[in-house]
$ cat upload_13.txt   # compact mmCIF, C-alpha atoms
# COMPACT_ATOMS: atom_id res chain seq x y z
CA MET D 1 20.39 11.41 11.68
CA GLU D 2 17.15 9.53 11.06
CA LYS D 3 16.87 6.14 12.71
CA ARG D 4 15.74 3.74 9.99
CA GLN D 5 13.37 0.85 10.29
CA ASP D 6 14.88 -2.64 10.24
CA LYS D 7 12.96 -3.75 7.17
CA LEU D 8 14.24 -7.32 7.07
CA ARG D 9 12.91 -8.00 10.55
CA GLU D 10 9.66 -6.20 9.74
CA VAL D 11 9.08 -8.36 6.66
CA ALA D 12 10.08 -11.56 8.48
CA PHE D 13 7.57 -10.84 11.25
CA PHE D 14 4.62 -10.32 8.90
CA GLU D 15 5.52 -13.13 6.52
CA GLN D 16 4.62 -15.61 9.26
CA TYR D 17 0.99 -14.50 8.94
CA ALA D 18 0.93 -14.56 5.15
CA GLY D 19 1.14 -18.33 4.93
CA SER D 20 -1.02 -19.22 7.92
CA GLU D 21 -4.73 -19.55 8.45
CA GLU D 22 -4.54 -16.88 11.13
CA GLU D 23 -5.14 -13.35 9.84
CA TYR D 24 -3.22 -10.46 11.33
CA ASN D 25 -6.39 -8.57 12.13
CA ALA D 26 -6.61 -7.84 15.82
CA PHE D 27 -9.87 -5.88 15.93
CA THR D 28 -13.45 -7.02 15.60
CA ASP D 29 -15.13 -6.24 12.28
CA LYS D 30 -17.26 -3.55 13.92
CA SER D 31 -14.17 -1.88 15.40
CA ASN D 32 -12.39 -1.97 12.02
CA GLU D 33 -15.30 -0.14 10.42
CA ARG D 34 -15.55 2.37 13.26
CA LEU D 35 -11.84 3.12 13.06
CA LEU D 36 -11.85 3.58 9.30
CA ASP D 37 -14.97 5.77 9.34
CA ALA D 38 -13.37 8.00 11.98
CA CYS D 39 -10.29 8.41 9.76
CA ILE D 40 -12.41 9.18 6.68
CA GLN D 41 -14.38 11.81 8.57
CA LEU D 42 -11.28 13.35 10.13
CA ALA D 43 -9.42 13.67 6.82
CA GLY D 44 -12.47 14.61 4.77
CA PHE D 45 -11.91 11.91 2.15
CA ARG D 46 -14.53 12.08 -0.61
CA PRO D 47 -15.96 8.93 -2.27
CA GLY D 48 -14.68 8.41 -5.79
CA THR D 49 -11.23 9.78 -5.02
CA ARG D 50 -7.92 7.89 -5.23
CA ILE D 51 -6.63 6.87 -1.79
CA ALA D 52 -3.33 5.13 -0.99
CA ASP D 53 -3.65 2.69 1.92
CA LEU D 54 -0.07 2.45 3.20
CA GLY D 55 0.73 -0.48 5.45
CA CYS D 56 -2.34 -2.27 4.10
CA GLY D 57 -1.30 -5.75 5.30
CA SER D 58 -3.80 -8.32 4.05
CA GLY D 59 -6.10 -5.60 2.74
CA ILE D 60 -8.77 -5.22 5.41
CA PHE D 61 -8.95 -1.42 5.37
CA THR D 62 -8.32 -1.23 1.62
CA SER D 63 -11.38 -3.40 1.05
CA LEU D 64 -13.46 -1.23 3.38
CA LEU D 65 -12.37 1.86 1.46
CA LYS D 66 -13.49 0.17 -1.75
CA ALA D 67 -16.85 -0.74 -0.21
CA ARG D 68 -17.35 2.92 0.74
CA GLY D 69 -16.93 4.12 -2.83
CA PHE D 70 -13.26 5.12 -2.88
CA SER D 71 -10.65 4.10 -5.45
CA PRO D 72 -7.95 2.62 -3.19
CA VAL D 73 -4.48 1.22 -3.81
CA GLY D 74 -2.97 -0.94 -1.07
CA VAL D 75 0.78 -0.93 -0.36
CA ASP D 76 2.71 -3.10 2.04
CA LEU D 77 6.31 -4.16 2.62
CA SER D 78 5.41 -7.85 3.03
CA PRO D 79 5.29 -9.80 -0.26
CA GLY D 80 3.29 -12.57 1.40
CA LEU D 81 0.62 -10.25 2.78
CA ILE D 82 0.31 -8.51 -0.59
CA ALA D 83 -0.18 -11.88 -2.26
CA ARG D 84 -2.83 -12.71 0.32
CA ALA D 85 -4.59 -9.38 -0.23
CA ARG D 86 -4.61 -9.90 -3.99
CA GLY D 87 -6.15 -13.34 -3.53
CA ALA D 88 -8.84 -12.07 -1.16
CA TYR D 89 -9.70 -8.88 -3.09
CA PRO D 90 -8.91 -9.41 -6.79
CA ASP D 91 -10.76 -6.25 -7.85
CA ILE D 92 -8.39 -3.98 -5.84
CA GLU D 93 -4.86 -2.94 -6.80
CA PHE D 94 -2.17 -4.01 -4.33
CA LEU D 95 1.52 -3.25 -4.62
CA GLU D 96 4.56 -4.41 -2.72
CA GLY D 97 6.33 -1.26 -1.59
CA ASP D 98 8.11 0.71 1.09
CA VAL D 99 6.49 3.79 2.65
CA GLU D 100 9.92 5.40 2.72
CA ALA D 101 10.32 5.01 -1.07
CA LEU D 102 6.86 4.82 -2.62
CA PRO D 103 6.36 3.57 -6.20
CA PHE D 104 4.14 6.50 -7.21
CA GLU D 105 4.50 9.74 -9.13
CA ASP D 106 4.37 13.12 -7.42
CA ALA D 107 0.89 14.52 -6.60
CA SER D 108 -0.88 11.34 -7.73
CA PHE D 109 -3.31 10.78 -4.81
CA ASP D 110 -6.31 12.60 -3.35
CA GLY D 111 -5.68 11.12 0.08
CA VAL D 112 -3.48 8.76 2.08
CA LEU D 113 -4.41 6.38 4.88
CA LEU D 114 -1.50 5.37 7.10
CA SER D 115 -2.89 2.11 8.45
CA GLY D 116 -1.24 1.74 11.83
CA ILE D 117 2.20 2.21 10.33
CA VAL D 118 3.65 5.36 11.90
CA HIS D 119 4.38 3.53 15.16
CA HIS D 120 6.37 0.94 13.17
CA LEU D 121 8.86 3.61 12.12
CA PRO D 122 11.55 4.60 14.65
CA ASP D 123 11.72 7.93 12.80
CA PRO D 124 8.76 8.59 10.44
CA SER D 125 10.39 11.63 8.80
CA CYS D 126 11.11 9.88 5.50
CA CYS D 127 7.60 8.45 5.38
CA ALA D 128 6.16 11.91 6.05
CA ARG D 129 8.10 13.38 3.13
CA GLU D 130 6.96 10.59 0.83
CA VAL D 131 3.32 11.05 1.86
CA ARG D 132 3.58 14.75 1.09
CA ARG D 133 5.21 14.01 -2.26
CA ILE D 134 2.43 11.74 -3.54
CA LEU D 135 -0.46 13.90 -2.29
CA LYS D 136 -2.12 16.48 -4.49
CA ALA D 137 -2.21 20.13 -3.45
CA ASN D 138 -4.26 20.71 -0.27
CA ALA D 139 -4.96 16.98 0.07
CA ALA D 140 -4.85 15.20 3.42
CA PHE D 141 -3.65 12.03 5.09
CA ALA D 142 -5.15 10.24 8.08
CA ALA D 143 -3.23 7.91 10.38
CA PHE D 144 -4.14 5.75 13.35
CA ASP D 145 -1.67 4.49 15.95
CA PRO D 146 -1.59 3.33 19.58
CA ASN D 147 -1.22 6.20 22.01
CA ARG D 148 1.74 6.16 24.41
CA LEU D 149 -0.21 8.45 26.77
CA ASN D 150 -2.80 5.74 27.28
CA PRO D 151 -1.86 3.80 30.45
CA PHE D 152 -2.56 0.36 28.98
CA MET D 153 -0.71 1.04 25.72
CA TYR D 154 2.26 2.37 27.65
CA LEU D 155 2.40 -0.46 30.19
CA TYR D 156 1.87 -3.27 27.67
CA ARG D 157 3.60 -2.02 24.54
CA ASP D 158 6.26 0.56 25.40
CA ARG D 159 9.79 -0.77 25.81
CA SER D 160 10.44 1.50 28.80
CA SER D 161 7.60 -0.11 30.77
CA PRO D 162 8.41 -2.79 33.37
CA PHE D 163 5.39 -4.74 32.03
CA TYR D 164 6.34 -4.52 28.36
CA SER D 165 5.44 -7.55 26.24
CA SER D 166 7.21 -8.21 22.95
CA LYS D 167 4.68 -10.88 22.00
CA GLY D 168 2.94 -10.09 18.71
CA VAL D 169 4.91 -6.95 17.82
CA THR D 170 8.02 -6.21 15.80
CA GLU D 171 11.19 -4.73 17.26
CA ASN D 172 10.44 -1.53 15.34
CA GLU D 173 7.15 -0.80 17.10
CA ARG D 174 6.45 1.72 19.84
CA PRO D 175 3.22 3.59 20.69
CA VAL D 176 3.36 7.20 19.51
CA LEU D 177 3.41 10.52 21.31
CA PRO D 178 1.14 13.02 19.52
CA SER D 179 3.64 15.82 20.12
CA GLU D 180 6.35 13.87 18.29
CA VAL D 181 4.02 12.98 15.41
CA ARG D 182 3.08 16.65 15.10
CA ARG D 183 6.72 17.72 15.02
CA VAL D 184 7.70 15.26 12.30
CA PHE D 185 4.78 15.92 9.99
CA ASP D 186 4.85 19.67 10.56
CA GLN D 187 8.50 19.70 9.49
CA ALA D 188 7.58 17.68 6.40
CA GLY D 189 5.07 20.35 5.34
CA PHE D 190 1.72 19.44 6.88
CA ASP D 191 -0.81 21.30 9.00
CA VAL D 192 -1.45 18.69 11.68
CA SER D 193 -4.41 18.04 13.97
CA PHE D 194 -5.55 15.11 16.11
CA ASP D 195 -8.52 13.16 17.30
CA TYR D 196 -8.56 10.23 19.71
CA LEU D 197 -10.48 6.98 19.81
CA SER D 198 -11.17 4.29 22.38
CA ALA D 199 -13.65 1.42 22.65
CA LEU D 200 -11.97 -0.42 19.78
CA HIS D 201 -12.43 -4.03 20.81
CA TYR D 202 -9.67 -6.55 20.30
CA ARG D 203 -10.58 -10.09 19.40
CA TYR D 204 -6.99 -11.32 19.60
CA VAL D 205 -3.72 -10.48 21.34
CA ALA D 206 -0.54 -12.53 21.07
CA SER D 207 0.43 -12.66 24.73
CA PRO D 208 -1.31 -15.53 26.60
CA ALA D 209 -1.23 -13.53 29.83
CA ALA D 210 -2.81 -10.48 28.21
CA ARG D 211 -5.38 -12.69 26.55
CA LEU D 212 -6.73 -13.63 29.99
CA ILE D 213 -7.55 -10.01 30.80
CA LEU D 214 -8.67 -9.00 27.31
CA PRO D 215 -12.41 -8.93 28.17
CA ALA D 216 -11.64 -6.68 31.16
CA TYR D 217 -9.51 -4.39 29.00
CA ASN D 218 -12.24 -4.09 26.35
CA PHE D 219 -14.75 -3.20 29.07
CA ALA D 220 -12.47 -0.65 30.75
CA ASP D 221 -11.55 0.96 27.44
CA SER D 222 -15.24 1.30 26.58
CA LEU D 223 -15.84 3.06 29.90
CA LEU D 224 -12.95 5.45 29.22
CA SER D 225 -14.52 6.46 25.92
CA TRP D 226 -17.44 8.05 27.80
CA PHE D 227 -15.16 10.62 29.45
CA ARG D 228 -14.48 13.15 26.71
CA PRO D 229 -12.16 15.37 28.81
CA LEU D 230 -9.81 12.36 28.88
CA ARG D 231 -9.65 12.08 25.07
CA PRO D 232 -5.85 12.70 24.89
CA PHE D 233 -5.47 9.50 26.93
CA TYR D 234 -7.67 7.31 24.72
CA ALA D 235 -6.05 4.19 23.30
CA PHE D 236 -5.56 5.44 19.74
CA VAL D 237 -4.30 8.66 18.21
CA LEU D 238 -5.87 9.70 14.91
CA THR D 239 -3.67 12.13 13.02
CA LYS D 240 -4.76 14.39 10.17
CA GLY D 241 -2.29 16.27 8.02
CA ILE D 242 -3.19 18.70 5.24
CA LYS D 243 -0.45 19.25 2.68
CA ARG D 244 0.85 22.77 3.15
CA GLU D 245 1.90 24.57 0.00
CA THR D 246 5.27 26.31 0.19
$ encode --input "upload_13.txt" --output "structure tokens"
Amino acid sequence: MEKRQDKLREVAFFEQYAGSEEEYNAFTDKSNERLLDACIQLAGFRPGTRIADLGCGSGIFTSLLKARGFSPVGVDLSPGLIARARGAYPDIEFLEGDVEALPFEDASFDGVLLSGIVHHLPDPSCCAREVRRILKANAAFAAFDPNRLNPFMYLYRDRSSPFYSSKGVTENERPVLPSEVRRVFDQAGFDVSFDYLSALHYRYVASPAARLILPAYNFADSLLSWFRPLRPFYAFVLTKGIKRET
């Protein structure tokens, strides 16, 4: 049986950012652009095509897709964040919606970006099926998520770690294991591959204790990115899935 996301708690967590001056945007602008460009390259998205940005939040990555010549639609579970995105980017379509029950017709998108949302789903199987449903034949999705194999991500954000911090995350979140992501999306009908990314600099973390060592973490993570044989242990997993025809 699939373990479902507690959507009420998920919405409640993100609504606190919708009405505040603080934006839920942890990375620097340069890191946001680097992360998105890596996903575009991995998935082979072509400018001019229709891309669904699922888990769009306040619209940061949706707006970057638009700036790069795509035709994006942003979707998020939080009504407040969708309202904020619409206010910030009035020329982009944003919809309130659930990745496990998307408000789109079958085969209606050329690509899907899963914006840090897979690790919010205790079991992403339903999401994987919905992504496959809305993608056109042979189209691809790209996803980015924190990597449980990365020592820092495990120690700081995995509930089994003795140093786990619940500050700034929902109860649904857990860094992903690439092997588990592969299994779920393969079963949903995708040919799955991975890339890995580090040296994404945080400008904000919720935990006051972690905030003290944030400059050291950013420096250490940048050093790690120079060692390509250690790529499976980089901080973020980038997942590509090509819709497999059956």
$ closest_residue --input "upload_13.txt" --among "D:Phe163, D:Phe104, D:Phe152, D:Phe61" --to "Asn32 of chain D" --atoms "all atoms listed in the file"
D:Phe61
$ atom_distance --input "upload_13.txt" --atom1 "atom CA of Ala26 of chain D" --atom2 "atom CA of Gly87 of chain D"
20.1 Å
$ closest_residue --input "upload_13.txt" --among "D:Leu35, D:Val99, D:Ile60, D:Leu81" --to "Ala235 of chain D" --atoms "only C-alpha atoms"
D:Leu35
$ atom_distance --input "upload_13.txt" --atom1 "atom CA of Tyr17 of chain D" --atom2 "atom CA of Tyr202 of chain D"
17.5 Å
$ residues_around --input "upload_13.txt" --residues "Asp195 of chain D" --least-positions-apart "4" --cutoff "8 Å" --atoms "only C-alpha atoms" --output "list in words"
Leu42, Arg231, Val237, Leu238 and Thr239 of chain D
$ residues_around --input "upload_13.txt" --residues "Arg157 of chain D" --least-positions-apart "6" --cutoff "10 Å" --atoms "all atoms listed in the file" --output "ChimeraX atom specification"
/D:146-148,151,163-169,173-175
$ write_last_selection --input "upload_13.txt" --atoms "C-alpha atoms" --output "PDB file, keeping the file's coordinate frame"
ATOM      1  CA  PRO D 146      -1.590   3.330  19.580  1.00  0.00           C
ATOM      2  CA  ASN D 147      -1.220   6.200  22.010  1.00  0.00           C
ATOM      3  CA  ARG D 148       1.740   6.160  24.410  1.00  0.00           C
ATOM      4  CA  PRO D 151      -1.860   3.800  30.450  1.00  0.00           C
ATOM      5  CA  PHE D 163       5.390  -4.740  32.030  1.00  0.00           C
ATOM      6  CA  TYR D 164       6.340  -4.520  28.360  1.00  0.00           C
ATOM      7  CA  SER D 165       5.440  -7.550  26.240  1.00  0.00           C
ATOM      8  CA  SER D 166       7.210  -8.210  22.950  1.00  0.00           C
ATOM      9  CA  LYS D 167       4.680 -10.880  22.000  1.00  0.00           C
ATOM     10  CA  GLY D 168       2.940 -10.090  18.710  1.00  0.00           C
ATOM     11  CA  VAL D 169       4.910  -6.950  17.820  1.00  0.00           C
ATOM     12  CA  GLU D 173       7.150  -0.800  17.100  1.00  0.00           C
ATOM     13  CA  ARG D 174       6.450   1.720  19.840  1.00  0.00           C
ATOM     14  CA  PRO D 175       3.220   3.590  20.690  1.00  0.00           C
TER      15      PRO D 175
END
$ atom_distance --input "upload_13.txt" --atom1 "atom CA of Val176 of chain D" --atom2 "atom CA of Asp145 of chain D"
6.7 Å
$ residues_around --input "upload_13.txt" --residues "Pro90 of chain D" --least-positions-apart "6" --cutoff "12 Å" --atoms "all atoms listed in the file" --output "list of chain:residue names"
D:Gly59, D:Thr62, D:Ser63, D:Lys66, D:Val73, D:Gly74, D:Ile82, D:Ala83, D:Arg84
$ residues_near_point --input "upload_13.txt" --point "(-9.2, 6.7, 6.5)" --cutoff "6 Å" --atoms "all atoms listed in the file" --output "ChimeraX atom specification"
/D:36,39-40,113,142
$ closest_residue --input "upload_13.txt" --among "D:Gly111, D:Asp186, D:Phe194, D:Ile213" --to "Tyr156 of chain D" --atoms "only C-alpha atoms"
D:Ile213
$ residues_around --input "upload_13.txt" --residues "Gly57 of chain D" --least-positions-apart "3" --cutoff "12 Å" --atoms "all atoms listed in the file" --output "short mmCIF file (atom, residue, chain, number, x, y, z; two decimals) with C-alpha atoms, in the coordinates of the input"
data_model
loop_
_atom_site.label_atom_id
_atom_site.label_comp_id
_atom_site.auth_asym_id
_atom_site.auth_seq_id
_atom_site.Cartn_x
_atom_site.Cartn_y
_atom_site.Cartn_z
CA GLU D 10 9.66 -6.20 9.74
CA VAL D 11 9.08 -8.36 6.66
CA PHE D 13 7.57 -10.84 11.25
CA PHE D 14 4.62 -10.32 8.90
CA GLU D 15 5.52 -13.13 6.52
CA TYR D 17 0.99 -14.50 8.94
CA ALA D 18 0.93 -14.56 5.15
CA GLU D 23 -5.14 -13.35 9.84
CA TYR D 24 -3.22 -10.46 11.33
CA ASN D 25 -6.39 -8.57 12.13
CA ALA D 26 -6.61 -7.84 15.82
CA ASP D 53 -3.65 2.69 1.92
CA LEU D 54 -0.07 2.45 3.20
CA ILE D 60 -8.77 -5.22 5.41
CA PHE D 61 -8.95 -1.42 5.37
CA THR D 62 -8.32 -1.23 1.62
CA SER D 63 -11.38 -3.40 1.05
CA VAL D 73 -4.48 1.22 -3.81
CA GLY D 74 -2.97 -0.94 -1.07
CA VAL D 75 0.78 -0.93 -0.36
CA ASP D 76 2.71 -3.10 2.04
CA LEU D 77 6.31 -4.16 2.62
CA SER D 78 5.41 -7.85 3.03
CA PRO D 79 5.29 -9.80 -0.26
CA GLY D 80 3.29 -12.57 1.40
CA LEU D 81 0.62 -10.25 2.78
CA ILE D 82 0.31 -8.51 -0.59
CA ALA D 83 -0.18 -11.88 -2.26
CA ARG D 84 -2.83 -12.71 0.32
CA ALA D 85 -4.59 -9.38 -0.23
CA ARG D 86 -4.61 -9.90 -3.99
CA ALA D 88 -8.84 -12.07 -1.16
CA PHE D 94 -2.17 -4.01 -4.33
CA LEU D 95 1.52 -3.25 -4.62
CA GLU D 96 4.56 -4.41 -2.72
CA GLY D 97 6.33 -1.26 -1.59
CA LEU D 114 -1.50 5.37 7.10
CA SER D 115 -2.89 2.11 8.45
CA GLY D 116 -1.24 1.74 11.83
CA ILE D 117 2.20 2.21 10.33
#
$ build_atoms --input "upload_13.txt" --residues "segment 41-72 of chain D" --atoms "N, CA and C atoms" --output "PDB file, keeping the file's coordinate frame"
ATOM      1  N   GLN D  41     -13.750  10.562   8.146  1.00  0.00           N
ATOM      2  CA  GLN D  41     -14.380  11.810   8.570  1.00  0.00           C
ATOM      3  C   GLN D  41     -13.336  12.850   8.960  1.00  0.00           C
ATOM      4  N   LEU D  42     -12.311  12.423   9.681  1.00  0.00           N
ATOM      5  CA  LEU D  42     -11.280  13.350  10.130  1.00  0.00           C
ATOM      6  C   LEU D  42     -10.561  13.985   8.938  1.00  0.00           C
ATOM      7  N   ALA D  43     -10.185  13.167   7.962  1.00  0.00           N
ATOM      8  CA  ALA D  43      -9.420  13.670   6.820  1.00  0.00           C
ATOM      9  C   ALA D  43     -10.290  14.317   5.751  1.00  0.00           C
ATOM     10  N   GLY D  44     -11.591  14.057   5.788  1.00  0.00           N
ATOM     11  CA  GLY D  44     -12.470  14.610   4.770  1.00  0.00           C
ATOM     12  C   GLY D  44     -12.336  13.933   3.421  1.00  0.00           C
ATOM     13  N   PHE D  45     -12.001  12.629   3.415  1.00  0.00           N
ATOM     14  CA  PHE D  45     -11.910  11.910   2.150  1.00  0.00           C
ATOM     15  C   PHE D  45     -13.282  11.888   1.474  1.00  0.00           C
ATOM     16  N   ARG D  46     -13.294  12.070   0.156  1.00  0.00           N
ATOM     17  CA  ARG D  46     -14.530  12.080  -0.610  1.00  0.00           C
ATOM     18  C   ARG D  46     -14.634  10.821  -1.472  1.00  0.00           C
ATOM     19  N   PRO D  47     -15.783  10.128  -1.427  1.00  0.00           N
ATOM     20  CA  PRO D  47     -15.960   8.930  -2.270  1.00  0.00           C
ATOM     21  C   PRO D  47     -15.650   9.240  -3.730  1.00  0.00           C
ATOM     22  N   GLY D  48     -15.062   8.249  -4.396  1.00  0.00           N
ATOM     23  CA  GLY D  48     -14.680   8.410  -5.790  1.00  0.00           C
ATOM     24  C   GLY D  48     -13.248   8.849  -5.979  1.00  0.00           C
ATOM     25  N   THR D  49     -12.597   9.291  -4.907  1.00  0.00           N
ATOM     26  CA  THR D  49     -11.230   9.780  -5.020  1.00  0.00           C
ATOM     27  C   THR D  49     -10.223   8.645  -4.834  1.00  0.00           C
ATOM     28  N   ARG D  50      -8.985   8.890  -5.275  1.00  0.00           N
ATOM     29  CA  ARG D  50      -7.920   7.890  -5.230  1.00  0.00           C
ATOM     30  C   ARG D  50      -7.200   7.985  -3.880  1.00  0.00           C
ATOM     31  N   ILE D  51      -7.212   6.904  -3.128  1.00  0.00           N
ATOM     32  CA  ILE D  51      -6.630   6.870  -1.790  1.00  0.00           C
ATOM     33  C   ILE D  51      -5.561   5.785  -1.728  1.00  0.00           C
ATOM     34  N   ALA D  52      -4.381   6.121  -1.229  1.00  0.00           N
ATOM     35  CA  ALA D  52      -3.330   5.130  -0.990  1.00  0.00           C
ATOM     36  C   ALA D  52      -3.437   4.631   0.436  1.00  0.00           C
ATOM     37  N   ASP D  53      -3.606   3.321   0.599  1.00  0.00           N
ATOM     38  CA  ASP D  53      -3.650   2.690   1.920  1.00  0.00           C
ATOM     39  C   ASP D  53      -2.264   2.110   2.180  1.00  0.00           C
ATOM     40  N   LEU D  54      -1.466   2.826   2.965  1.00  0.00           N
ATOM     41  CA  LEU D  54      -0.070   2.450   3.200  1.00  0.00           C
ATOM     42  C   LEU D  54       0.041   1.622   4.473  1.00  0.00           C
ATOM     43  N   GLY D  55       0.712   0.479   4.358  1.00  0.00           N
ATOM     44  CA  GLY D  55       0.730  -0.480   5.450  1.00  0.00           C
ATOM     45  C   GLY D  55      -0.542  -1.296   5.455  1.00  0.00           C
ATOM     46  N   CYS D  56      -1.005  -1.667   4.254  1.00  0.00           N
ATOM     47  CA  CYS D  56      -2.340  -2.270   4.100  1.00  0.00           C
ATOM     48  C   CYS D  56      -2.418  -3.702   4.615  1.00  0.00           C
ATOM     49  N   GLY D  57      -1.257  -4.366   4.821  1.00  0.00           N
ATOM     50  CA  GLY D  57      -1.300  -5.750   5.300  1.00  0.00           C
ATOM     51  C   GLY D  57      -2.068  -6.639   4.348  1.00  0.00           C
ATOM     52  N   SER D  58      -3.004  -7.397   4.866  1.00  0.00           N
ATOM     53  CA  SER D  58      -3.800  -8.320   4.050  1.00  0.00           C
ATOM     54  C   SER D  58      -5.014  -7.665   3.421  1.00  0.00           C
ATOM     55  N   GLY D  59      -5.112  -6.337   3.518  1.00  0.00           N
ATOM     56  CA  GLY D  59      -6.100  -5.600   2.740  1.00  0.00           C
ATOM     57  C   GLY D  59      -7.417  -5.286   3.404  1.00  0.00           C
ATOM     58  N   ILE D  60      -7.501  -5.444   4.719  1.00  0.00           N
ATOM     59  CA  ILE D  60      -8.770  -5.220   5.410  1.00  0.00           C
ATOM     60  C   ILE D  60      -9.299  -3.799   5.180  1.00  0.00           C
ATOM     61  N   PHE D  61      -8.473  -2.795   5.487  1.00  0.00           N
ATOM     62  CA  PHE D  61      -8.950  -1.420   5.370  1.00  0.00           C
ATOM     63  C   PHE D  61      -9.046  -0.980   3.913  1.00  0.00           C
ATOM     64  N   THR D  62      -8.205  -1.537   3.047  1.00  0.00           N
ATOM     65  CA  THR D  62      -8.320  -1.230   1.620  1.00  0.00           C
ATOM     66  C   THR D  62      -9.671  -1.690   1.091  1.00  0.00           C
ATOM     67  N   SER D  63     -10.090  -2.876   1.505  1.00  0.00           N
ATOM     68  CA  SER D  63     -11.380  -3.400   1.050  1.00  0.00           C
ATOM     69  C   SER D  63     -12.541  -2.572   1.588  1.00  0.00           C
ATOM     70  N   LEU D  64     -12.407  -2.085   2.818  1.00  0.00           N
ATOM     71  CA  LEU D  64     -13.460  -1.230   3.380  1.00  0.00           C
ATOM     72  C   LEU D  64     -13.531   0.115   2.672  1.00  0.00           C
ATOM     73  N   LEU D  65     -12.378   0.631   2.267  1.00  0.00           N
ATOM     74  CA  LEU D  65     -12.370   1.860   1.460  1.00  0.00           C
ATOM     75  C   LEU D  65     -13.111   1.635   0.142  1.00  0.00           C
ATOM     76  N   LYS D  66     -12.820   0.514  -0.495  1.00  0.00           N
ATOM     77  CA  LYS D  66     -13.490   0.170  -1.750  1.00  0.00           C
ATOM     78  C   LYS D  66     -14.994   0.074  -1.560  1.00  0.00           C
ATOM     79  N   ALA D  67     -15.424  -0.564  -0.489  1.00  0.00           N
ATOM     80  CA  ALA D  67     -16.850  -0.740  -0.210  1.00  0.00           C
ATOM     81  C   ALA D  67     -17.544   0.588   0.046  1.00  0.00           C
ATOM     82  N   ARG D  68     -16.784   1.600   0.469  1.00  0.00           N
ATOM     83  CA  ARG D  68     -17.350   2.920   0.740  1.00  0.00           C
ATOM     84  C   ARG D  68     -17.247   3.856  -0.461  1.00  0.00           C
ATOM     85  N   GLY D  69     -16.885   3.339  -1.597  1.00  0.00           N
ATOM     86  CA  GLY D  69     -16.930   4.120  -2.830  1.00  0.00           C
ATOM     87  C   GLY D  69     -15.655   4.835  -3.209  1.00  0.00           C
ATOM     88  N   PHE D  70     -14.542   4.506  -2.525  1.00  0.00           N
ATOM     89  CA  PHE D  70     -13.260   5.120  -2.880  1.00  0.00           C
ATOM     90  C   PHE D  70     -12.546   4.266  -3.937  1.00  0.00           C
ATOM     91  N   SER D  71     -11.491   4.825  -4.501  1.00  0.00           N
ATOM     92  CA  SER D  71     -10.650   4.100  -5.450  1.00  0.00           C
ATOM     93  C   SER D  71      -9.297   3.876  -4.768  1.00  0.00           C
ATOM     94  N   PRO D  72      -9.157   2.792  -4.008  1.00  0.00           N
ATOM     95  CA  PRO D  72      -7.950   2.620  -3.190  1.00  0.00           C
ATOM     96  C   PRO D  72      -6.864   1.800  -3.886  1.00  0.00           C
TER      97      PRO D  72
END
